[in-house]
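Trainee: Contents of start-v3.pdb (PDB, C-alpha atoms) are below:
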```
MODEL        1
ATOM      1  CA  MET A 367      92.573 119.181  82.167
ATOM      2  CA  SER A 368      95.044 118.523  84.986
ATOM      3  CA  ASP A 369      98.378 116.823  84.415
ATOM      4  CA  LYS A 370      97.355 113.945  86.681
ATOM      5  CA  PHE A 371      94.193 113.349  84.645
ATOM      6  CA  LYS A 372      96.189 113.442  81.398
ATOM      7  CA  THR A 373      98.610 110.906  82.852
ATOM      8  CA  PHE A 374      95.671 108.738  83.911
ATOM      9  CA  LEU A 375      94.237 108.783  80.376
ATOM     10  CA  LYS A 376      97.630 107.824  78.937
ATOM     11  CA  ARG A 377      97.990 104.989  81.444
ATOM     12  CA  LEU A 378      94.458 103.840  80.664
ATOM     13  CA  PHE A 379      95.189 103.798  76.926
ATOM     14  CA  SER A 380      98.414 101.834  77.388
ATOM     15  CA  THR A 381      96.684  99.436  79.781
ATOM     16  CA  ILE A 382      93.880  98.753  77.272
ATOM     17  CA  ILE A 383      96.401  98.089  74.499
ATOM     18  CA  SER A 384      98.417  95.784  76.775
ATOM     19  CA  LEU A 385      95.298  93.879  77.823
ATOM     20  CA  ALA A 386      94.265  93.535  74.180
ATOM     21  CA  VAL A 387      97.632  91.945  73.336
ATOM     22  CA  VAL A 388      97.374  89.578  76.301
ATOM     23  CA  ALA A 389      93.782  88.707  75.387
ATOM     24  CA  ALA A 390      94.862  87.932  71.812
ATOM     25  CA  ALA A 391      97.606  85.599  73.069
ATOM     26  CA  LEU A 392      95.213  83.857  75.459
ATOM     27  CA  GLY A 393      92.552  83.622  72.775
ATOM     28  CA  GLY A 394      95.003  82.024  70.357
ATOM     29  CA  THR A 395      96.136  79.576  73.019
ATOM     30  CA  TYR A 396      92.619  78.412  73.861
ATOM     31  CA  TYR A 397      91.179  78.536  70.330
ATOM     32  CA  PHE A 398      94.037  76.705  68.623
ATOM     33  CA  LYS A 399      94.906  74.683  71.761
ATOM     34  CA  ASN A 400      98.544  75.718  71.362
ATOM     35  CA  ILE A 401     100.675  77.393  74.028
ATOM     36  CA  LEU A 402     102.870  78.978  71.343
ATOM     37  CA  PHE A 403     100.975  82.273  71.506
ATOM     38  CA  CYS A 404     101.427  82.847  75.242
ATOM     39  CA  SER A 405     104.999  81.524  75.227
ATOM     40  CA  VAL A 406     106.022  83.895  72.439
ATOM     41  CA  LEU A 407     104.430  86.852  74.244
ATOM     42  CA  ILE A 408     106.370  86.099  77.447
ATOM     43  CA  CYS A 409     109.661  85.694  75.570
ATOM     44  CA  VAL A 410     109.142  88.912  73.607
ATOM     45  CA  LEU A 411     108.427  90.871  76.793
ATOM     46  CA  CYS A 412     111.626  89.513  78.356
ATOM     47  CA  ASN A 413     113.545  90.415  75.186
ATOM     48  CA  LEU A 414     112.207  93.975  75.184
ATOM     49  CA  ALA A 415     113.133  94.353  78.857
ATOM     50  CA  ALA A 416     116.717  93.320  78.015
ATOM     51  CA  VAL A 417     116.847  95.874  75.182
ATOM     52  CA  GLU A 418     115.627  98.600  77.560
ATOM     53  CA  TRP A 419     118.297  97.666  80.106
ATOM     54  CA  PHE A 420     120.935  97.830  77.373
ATOM     55  CA  LEU A 421     119.778 101.257  76.175
ATOM     56  CA  MET A 422     119.493 102.719  79.688
ATOM     57  CA  LEU A 423     122.941 101.511  80.706
ATOM     58  CA  ARG A 424     124.496 102.683  77.441
ATOM     59  CA  GLU A 425     122.914 106.132  77.751
ATOM     60  CA  LYS A 426     124.241 106.619  81.287
ATOM     61  CA  GLU A 427     127.533 104.795  80.549
ATOM     62  CA  THR A 428     126.997 102.570  83.563
ATOM     63  CA  GLU A 429     129.836 100.203  84.402
ATOM     64  CA  CYS A 430     128.701  96.733  83.307
ATOM     65  CA  ASN A 431     128.884  94.228  80.470
ATOM     66  CA  ARG A 432     126.112  95.609  78.267
ATOM     67  CA  ARG A 433     126.692  93.158  75.405
ATOM     68  CA  LEU A 434     126.331  90.165  77.718
ATOM     69  CA  ILE A 435     123.141  91.661  79.185
ATOM     70  CA  LEU A 436     121.677  92.095  75.719
ATOM     71  CA  ILE A 437     122.713  88.672  74.428
ATOM     72  CA  GLY A 438     121.594  86.896  77.585
ATOM     73  CA  GLY A 439     118.276  88.722  77.674
ATOM     74  CA  LEU A 440     117.550  87.998  74.021
ATOM     75  CA  VAL A 441     118.571  84.340  73.979
ATOM     76  CA  TYR A 442     117.715  82.991  77.429
ATOM     77  CA  PRO A 443     113.860  83.181  77.479
ATOM     78  CA  TRP A 444     113.584  81.115  74.303
ATOM     79  CA  LEU A 445     115.673  78.268  75.751
ATOM     80  CA  PRO A 446     113.271  77.271  78.556
ATOM     81  CA  ALA A 447     110.352  78.007  76.212
ATOM     82  CA  CYS A 448     111.737  75.302  73.902
ATOM     83  CA  GLY A 449     112.522  72.975  76.806
ATOM     84  CA  LEU A 450     116.292  73.251  76.250
ATOM     85  CA  ILE A 451     117.365  74.576  79.641
ATOM     86  CA  SER A 452     115.968  75.152  83.118
ATOM     87  CA  GLY A 453     115.687  78.531  84.788
ATOM     88  CA  ILE A 454     118.290  77.769  87.467
ATOM     89  CA  ALA A 455     120.776  76.432  84.900
ATOM     90  CA  GLY A 456     120.318  79.566  82.786
ATOM     91  CA  LEU A 457     121.044  81.815  85.754
ATOM     92  CA  VAL A 458     124.129  79.833  86.788
ATOM     93  CA  LEU A 459     125.549  79.918  83.265
ATOM     94  CA  PHE A 460     124.955  83.654  82.991
ATOM     95  CA  ILE A 461     126.650  84.393  86.334
ATOM     96  CA  LEU A 462     129.646  82.280  85.305
ATOM     97  CA  ALA A 463     129.845  84.143  81.988
ATOM     98  CA  ALA A 464     129.682  87.503  83.792
ATOM     99  CA  PHE A 465     132.574  86.571  86.090
ATOM    100  CA  ILE A 466     134.698  85.113  83.281
ATOM    101  CA  CYS A 467     134.244  88.233  81.157
ATOM    102  CA  GLU A 468     135.354  90.451  84.051
ATOM    103  CA  LEU A 469     138.412  88.261  84.701
ATOM    104  CA  PHE A 470     139.510  88.854  81.107
ATOM    105  CA  ARG A 471     138.824  92.579  81.432
ATOM    106  CA  MET A 472     140.987  92.731  84.548
ATOM    107  CA  ASP A 473     143.866  90.791  82.966
ATOM    108  CA  TYR A 474     143.811  92.318  79.491
ATOM    109  CA  GLY A 475     141.769  95.514  79.881
ATOM    110  CA  LYS A 476     143.585  96.730  83.000
ATOM    111  CA  GLN A 477     140.281  97.198  84.822
ATOM    112  CA  SER A 478     140.386  97.441  88.615
ATOM    113  CA  ALA A 479     138.956  94.718  90.825
ATOM    114  CA  GLU A 480     136.473  97.190  92.338
ATOM    115  CA  ALA A 481     135.164  98.196  88.914
ATOM    116  CA  SER A 482     134.919  94.574  87.816
ATOM    117  CA  LEU A 483     132.976  93.606  90.918
ATOM    118  CA  ARG A 484     130.502  96.456  90.386
ATOM    119  CA  SER A 485     130.210  95.408  86.755
ATOM    120  CA  VAL A 486     129.384  91.799  87.711
ATOM    121  CA  GLY A 487     126.718  92.988  90.154
ATOM    122  CA  THR A 488     125.026  95.292  87.648
ATOM    123  CA  THR A 489     125.274  92.747  84.831
ATOM    124  CA  VAL A 490     123.677  89.956  86.867
ATOM    125  CA  LEU A 491     120.977  92.297  88.214
ATOM    126  CA  ALA A 492     120.059  93.388  84.693
ATOM    127  CA  PHE A 493     119.659  89.740  83.693
ATOM    128  CA  VAL A 494     117.695  88.668  86.761
ATOM    129  CA  TYR A 495     115.319  91.596  87.140
ATOM    130  CA  PRO A 496     112.831  91.605  85.612
ATOM    131  CA  GLY A 497     113.582  89.268  82.666
ATOM    132  CA  TRP A 498     114.715  86.085  84.445
ATOM    133  CA  PHE A 499     112.036  86.514  87.111
ATOM    134  CA  PHE A 500     109.284  87.098  84.546
ATOM    135  CA  ALA A 501     110.396  84.124  82.418
ATOM    136  CA  PHE A 502     109.096  81.836  85.194
ATOM    137  CA  ALA A 503     105.688  82.528  83.630
ATOM    138  CA  LEU A 504     106.697  79.882  81.077
ATOM    139  CA  TRP A 505     106.096  77.265  83.787
ATOM    140  CA  TYR A 506     102.353  78.016  83.644
ATOM    141  CA  MET A 507     101.684  76.995  80.043
ATOM    142  CA  ASP A 508      98.950  74.457  80.827
ATOM    143  CA  PRO A 509      95.700  75.921  79.408
ATOM    144  CA  GLN A 510      93.488  73.709  81.569
ATOM    145  CA  GLY A 511      95.562  73.895  84.731
ATOM    146  CA  SER A 512      98.094  76.511  85.739
ATOM    147  CA  LEU A 513      97.601  79.069  82.926
ATOM    148  CA  PRO A 514      94.328  80.421  84.407
ATOM    149  CA  PHE A 515      96.170  80.886  87.716
ATOM    150  CA  LEU A 516      98.921  82.822  85.927
ATOM    151  CA  VAL A 517      96.284  85.095  84.411
ATOM    152  CA  ILE A 518      94.792  85.712  87.862
ATOM    153  CA  LEU A 519      98.244  86.406  89.263
ATOM    154  CA  ILE A 520      99.150  88.959  86.590
ATOM    155  CA  VAL A 521      95.728  90.643  86.614
ATOM    156  CA  PHE A 522      95.805  90.847  90.410
ATOM    157  CA  THR A 523      99.286  92.345  90.358
ATOM    158  CA  LYS A 524      98.431  94.969  87.733
ATOM    159  CA  LEU A 525      95.171  95.815  89.516
ATOM    160  CA  SER A 526      97.196  96.653  92.619
ATOM    161  CA  ASP A 527      99.202  99.154  90.548
ATOM    162  CA  ILE A 528      96.089 100.680  88.999
ATOM    163  CA  TRP A 529      94.181 100.999  92.279
ATOM    164  CA  ALA A 530      97.244 102.446  94.023
ATOM    165  CA  TYR A 531      97.511 105.138  91.347
ATOM    166  CA  LEU A 532      93.792 105.960  91.390
ATOM    167  CA  CYS A 533      93.510 106.034  95.176
ATOM    168  CA  GLY A 534      96.674 108.121  95.358
ATOM    169  CA  VAL A 535      95.287 110.659  92.889
ATOM    170  CA  LEU A 536      91.870 110.850  94.581
ATOM    171  CA  VAL A 537      92.761 110.851  98.301
ATOM    172  CA  GLY A 538      96.552 110.826  98.470
ATOM    173  CA  ARG A 539      98.143 112.931 101.279
ATOM    174  CA  ARG A 540      94.753 114.004 102.663
ATOM    175  CA  PHE A 541      95.101 111.991 105.874
ATOM    176  CA  ILE A 542      98.776 110.987 106.018
ATOM    177  CA  SER A 543     101.228 113.617 104.823
ATOM    178  CA  ARG A 544     104.301 111.393 104.876
ATOM    179  CA  PRO A 545     104.917 109.554 101.558
ATOM    180  CA  PHE A 546     104.842 105.759 101.568
ATOM    181  CA  SER A 547     108.394 105.588 100.209
ATOM    182  CA  PRO A 548     110.068 108.997 100.678
ATOM    183  CA  ALA A 549     113.450 108.071  99.194
ATOM    184  CA  VAL A 550     112.628 105.596  96.432
ATOM    185  CA  SER A 551     109.226 106.789  95.188
ATOM    186  CA  PRO A 552     108.095 109.970  96.974
ATOM    187  CA  GLU A 553     104.908 110.301  94.902
ATOM    188  CA  LYS A 554     103.373 107.147  96.423
ATOM    189  CA  SER A 555     101.003 107.837  99.319
ATOM    190  CA  TRP A 556      99.834 105.696 102.220
ATOM    191  CA  GLU A 557      96.229 106.328 101.190
ATOM    192  CA  GLY A 558      96.999 104.913  97.762
ATOM    193  CA  ILE A 559      98.583 101.772  99.217
ATOM    194  CA  ILE A 560      95.836 101.144 101.785
ATOM    195  CA  GLY A 561      93.037 101.776  99.293
ATOM    196  CA  SER A 562      94.740  99.593  96.727
ATOM    197  CA  PHE A 563      95.150  96.762  99.250
ATOM    198  CA  ILE A 564      91.437  96.674 100.088
ATOM    199  CA  LEU A 565      90.159  97.041  96.512
ATOM    200  CA  THR A 566      92.685  94.615  95.036
ATOM    201  CA  ILE A 567      91.852  91.880  97.552
ATOM    202  CA  LEU A 568      88.148  92.254  96.729
ATOM    203  CA  CYS A 569      88.810  92.164  92.987
ATOM    204  CA  GLY A 570      91.137  89.198  93.367
ATOM    205  CA  MET A 571      88.517  87.197  95.240
ATOM    206  CA  ALA A 572      85.868  88.025  92.630
ATOM    207  CA  ILE A 573      88.184  86.941  89.803
ATOM    208  CA  LEU A 574      89.154  83.746  91.645
ATOM    209  CA  TRP A 575      85.530  82.755  92.228
ATOM    210  CA  TYR A 576      84.732  83.392  88.565
ATOM    211  CA  VAL A 577      87.676  81.336  87.296
ATOM    212  CA  GLU A 578      86.917  78.448  89.653
ATOM    213  CA  SER A 579      83.347  78.350  88.321
ATOM    214  CA  GLU A 580      84.426  78.569  84.659
ATOM    215  CA  PHE A 581      87.383  76.170  84.932
ATOM    216  CA  PRO A 582      86.366  73.134  87.010
ATOM    217  CA  THR A 583      89.840  71.624  86.556
ATOM    218  CA  VAL A 584      91.365  74.440  88.636
ATOM    219  CA  ASP A 585      91.680  73.374  92.277
ATOM    220  CA  ALA A 586      89.424  75.455  94.528
ATOM    221  CA  LEU A 587      91.251  77.567  97.113
ATOM    222  CA  PRO A 588      89.662  78.137 100.549
ATOM    223  CA  THR A 589      88.597  81.764 101.087
ATOM    224  CA  LEU A 590      90.925  82.428 104.031
ATOM    225  CA  ASP A 591      93.884  80.873 102.239
ATOM    226  CA  ALA A 592      93.103  82.934  99.143
ATOM    227  CA  ILE A 593      92.998  86.176 101.161
ATOM    228  CA  GLU A 594      96.322  85.338 102.820
ATOM    229  CA  LEU A 595      97.877  84.496  99.451
ATOM    230  CA  PHE A 596      96.581  87.676  97.840
ATOM    231  CA  ALA A 597      97.879  89.737 100.773
ATOM    232  CA  VAL A 598     101.374  88.303 100.332
ATOM    233  CA  ILE A 599     101.193  88.842  96.565
ATOM    234  CA  PHE A 600     100.093  92.439  97.133
ATOM    235  CA  VAL A 601     103.143  93.112  99.314
ATOM    236  CA  LEU A 602     105.413  91.550  96.693
ATOM    237  CA  SER A 603     103.713  93.556  93.955
ATOM    238  CA  ALA A 604     104.400  96.800  95.815
ATOM    239  CA  ALA A 605     107.992  95.675  96.415
ATOM    240  CA  GLY A 606     108.436  94.880  92.714
ATOM    241  CA  ASP A 607     107.151  98.310  91.750
ATOM    242  CA  LEU A 608     109.528  99.981  94.210
ATOM    243  CA  ALA A 609     112.390  97.797  92.943
ATOM    244  CA  GLY A 610     111.752  99.149  89.459
ATOM    245  CA  SER A 611     111.818 102.691  90.835
ATOM    246  CA  LEU A 612     115.075 101.930  92.656
ATOM    247  CA  VAL A 613     116.683 100.677  89.449
ATOM    248  CA  LYS A 614     115.634 103.752  87.477
ATOM    249  CA  ARG A 615     116.672 106.123  90.265
ATOM    250  CA  GLY A 616     120.038 104.383  90.550
ATOM    251  CA  ILE A 617     120.672 104.635  86.812
ATOM    252  CA  GLY A 618     119.290 108.168  86.620
ATOM    253  CA  VAL A 619     116.297 107.802  84.277
ATOM    254  CA  LYS A 620     112.582 108.491  84.788
ATOM    255  CA  ASP A 621     111.206 105.638  82.667
ATOM    256  CA  SER A 622     112.819 102.560  81.163
ATOM    257  CA  SER A 623     111.578 103.779  77.747
ATOM    258  CA  HIS A 624     108.686 105.679  76.170
ATOM    259  CA  LEU A 625     107.075 102.674  74.485
ATOM    260  CA  LEU A 626     103.901 102.812  76.616
ATOM    261  CA  PRO A 627     102.524 106.352  77.161
ATOM    262  CA  GLY A 628     101.796 107.080  80.809
ATOM    263  CA  ILE A 629     103.476 103.859  81.952
ATOM    264  CA  GLY A 630     106.969 103.990  80.467
ATOM    265  CA  GLY A 631     108.565 100.889  79.053
ATOM    266  CA  ILE A 632     108.316  97.130  79.302
ATOM    267  CA  ILE A 633     110.351  97.094  82.517
ATOM    268  CA  ASP A 634     107.805  99.488  84.031
ATOM    269  CA  LEU A 635     105.065  97.130  82.841
ATOM    270  CA  ILE A 636     106.423  93.820  84.172
ATOM    271  CA  ASP A 637     108.420  94.937  87.233
ATOM    272  CA  SER A 638     105.643  93.990  89.685
ATOM    273  CA  PRO A 639     104.517  90.727  87.982
ATOM    274  CA  ALA A 640     108.164  89.658  87.852
ATOM    275  CA  PHE A 641     108.287  89.679  91.660
ATOM    276  CA  THR A 642     104.977  87.916  92.211
ATOM    277  CA  ILE A 643     105.511  85.237  89.543
ATOM    278  CA  ALA A 644     109.026  84.456  90.761
ATOM    279  CA  PHE A 645     107.766  84.125  94.340
ATOM    280  CA  VAL A 646     104.747  81.905  93.640
ATOM    281  CA  THR A 647     106.390  79.561  91.100
ATOM    282  CA  PRO A 648     108.585  77.534  93.520
ATOM    283  CA  PHE A 649     105.555  76.776  95.730
ATOM    284  CA  LEU A 650     103.504  75.505  92.789
ATOM    285  CA  HIS A 651     106.080  73.668  90.710
ATOM    286  CA  PHE A 652     108.866  72.470  93.011
TER     287      PHE A 652
ENDMDL
END
```
Just dump the structure as C-alpha cells.

Mentor:
Amino acid sequence: MSDKFKTFLKRLFSTIISLAVVAAALGGTYYFKNILFCSVLICVLCNLAAVEWFLMLREKETECNRRLILIGGLVYPWLPACGLISGIAGLVLFILAAFICELFRMDYGKQSAEASLRSVGTTVLAFVYPGWFFAFALWYMDPQGSLPFLVILIVFTKLSDIWAYLCGVLVGRRFISRPFSPAVSPEKSWEGIIGSFILTILCGMAILWYVESEFPTVDALPTLDAIELFAVIFVLSAAGDLAGSLVKRGIGVKDSSHLLPGIGGIIDLIDSPAFTIAFVTPFLHF
C-alpha cells in the first residue's frame, strides 16, 4: 500500500468523522428547532483553533502575545453567539488590547519597537485567521433561511479540497510539471486544481438544486449566477488553503496538530471555509 493511499484513507476517515459531527449538530438543530447545537459546534472549532495557535507559537517560541491569543480565541466566539458583541467590535477590541499590551512590554519589559510591532502583527493574525473569520458562520443560524446556504458553502469548500487531493494523486504532474504553488505548497499540482474546479462546480450545482427543491424558503439562484459565485468561492477556498500552508511554513510546523489523522488539526480543517465564509457574509448580511 503506497504512502499516498494510506494518507487518503486517513483523510477519508477524518472526513467521515467530521461530517458525522456536523450532521449531528444539524440534526439536533432541525429536530429540536434550536440553533444551540450548531452555534456550540462553531464556537468549539474556533476555540480549538486558538489552542492550536497557542501551542504552535509556544513550541517555536514565536514572538507574540500567546496568552492574549489564547484568551481572545477562547472567549470571543461565545460573545457573538450569545448576542453580546458584534464581529467588528470584537476585532477592534482585540487589536486595541494587542497594542496596549505591547506598549507596556516596551515601557516595562524593555522590548524593542521592532519586536513589539512583529508581536502585534502575529498576535492579530492568530486571532483573525481562521477563528475570527470562521466565527462569521454564527450569522447563518436561521434553520429555514441562511443555515442551508452555510451548509452548501462549507460542503462546497471542503469538496474543493477533497477533489484537489484526489485529482492531484491520480493525474498530478502528468501534463504540467510545474507545481501550482512552488514556494508555499509545492505538492499541489495544476492538474489537481483544474480537476477540482470542474468537479466541485458540478457538485455544487447538484447540491444547490437539491437544497432549493427541499427547502422552498431558500431563494432560488439563477444557474449562471450560481456558477459565477461558486467559481469565486473556489478561488477563495484555494487561497484559504494556501494561507494555512503559509502560516505553518512561516512558523515551521507541518500540521497545526495531530487531532485529525491525514488532515492535521482544526486549523487545517477550517482554513478554507474561514476564507469563503468571511467573504460571502458581508454580501448576505450587510

Trainee: With the PyMOL selection byres ((chain A and resi 605) around 12) as the selection, what would be picked from this file? Answer as an NGL selection string, please.

Mentor: :A and (523 or 526-527 or 546-547 or 550-551 or 559 or 598-604 or 606-612 or 637-642 or 645)

Trainee: Which residue is closest to Leu590 (chain A)? Choose from A:Leu525, A:Ile567, A:Glu578, A:Phe470 and count all atoms listed in the file.

Mentor: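 Looking at the shortest contact to Leu590 (chain A), the residue is A:Ile567.
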
Trainee: Could you check how far CA of Met571 (chain A) sits from CA of Arg539 (chain A), in Å to one decimal?

Mentor: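 Between these atoms lies a distance of 28.1 Å.
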
Trainee: Which neighbours of region 421-432 of chain A fall inside 8 Å, counting all atoms listed in the file, when residues of the same chain fewer than 2 positions from it are skipped, and could you give them as a VMD selection string?

Mentor: chain A and resid 417 to 419 434 to 436 464 481 to 482 484 to 486 488 to 489 617 to 619 622

Trainee: Starting from the PyMOL selection byres ((chain A and resi 398-410) around 10), expand the selection into actual residues of this file and give them as an MDAnalysis selection string.

Mentor: chainID A and resid 387:397 411:416 439:448 497 500:510 513

Trainee: For each of A:Thr589, A:Ser623, A:Ser543, A:Ser512, take the minimum atom-to-atom distance to Trp556 (chain A), counting all atoms listed in the file, then give the residue where this is smallest.

Mentor: A:Ser543

Trainee: Have a look at CA of Val537 (chain A) and CA of Ile560 (chain A) and let me know their distance in Å, one decimal.

Mentor: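 According to the coordinates, CA of Val537 (chain A) and CA of Ile560 (chain A) are separated by 10.8 Å.
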
Trainee: Specify the axis-aligned box that encloses all atoms of region 617-621 of chain A listed in the file after padding of 4 Å on each side, stating its centre and edge lengths in Å to one decimal as lines of an AutoDock Vina configuration file.

Mentor:
```
center_x = 115.9
center_y = 106.6
center_z = 84.7
size_x = 17.5
size_y = 11.9
size_z = 12.1
```

Trainee: Which is closer to Asp369 (chain A) than all the others in A:Leu568, A:Val535, A:Ile629, A:Ala549, using all atoms listed in the file?

Mentor: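 The shortest atom-to-atom distance to Asp369 (chain A) comes from A:Val535.
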
Trainee: Figure out the distance between CA of Thr373 (chain A) and CA of Leu536 (chain A), please, to one decimal in Å.

Mentor: 13.5 Å

Trainee: I need the residue nearest Gly628 (chain A) from this list: A:Tyr474, A:Phe420, A:Tyr531, A:Phe522. Use all atoms listed in the file for the distance.

Mentor: A:Tyr531

Trainee: Check the smallest atom-to-atom distance from each of A:Cys533, A:Val521, A:Ile542, A:Pro588 to Leu565 (chain A) using all atoms listed in the file, then report the winner.

Mentor: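 Looking only at the distances to Leu565 (chain A), the closest residue turns out to be A:Cys533.
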
Trainee: Select, counting all atoms listed in the file, all protein, DNA and RNA residues no farther than 12 Å from (105.0, 100.7, 79.1) in file coordinates, and express the selection as a ChimeraX atom specification.

Mentor: /A:376-385,411,414-415,418,621-637

Trainee: Between A:Ile528, A:Leu516, A:Ile466, A:Val458, which has the minimum distance to Thr647 (chain A) (counting all atoms listed in the file)?

Mentor: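 Of the candidates, the smallest distance to Thr647 (chain A) is held by A:Leu516.
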
Trainee: Written as a list in words, what is the full residue list that the PyMOL selection byres ((chain A and resi 555) around 6) yields on the file shown?

Mentor: Gly534, Gly538, Pro545, Phe546, Lys554, Trp556, Glu557 and Gly558 of chain A
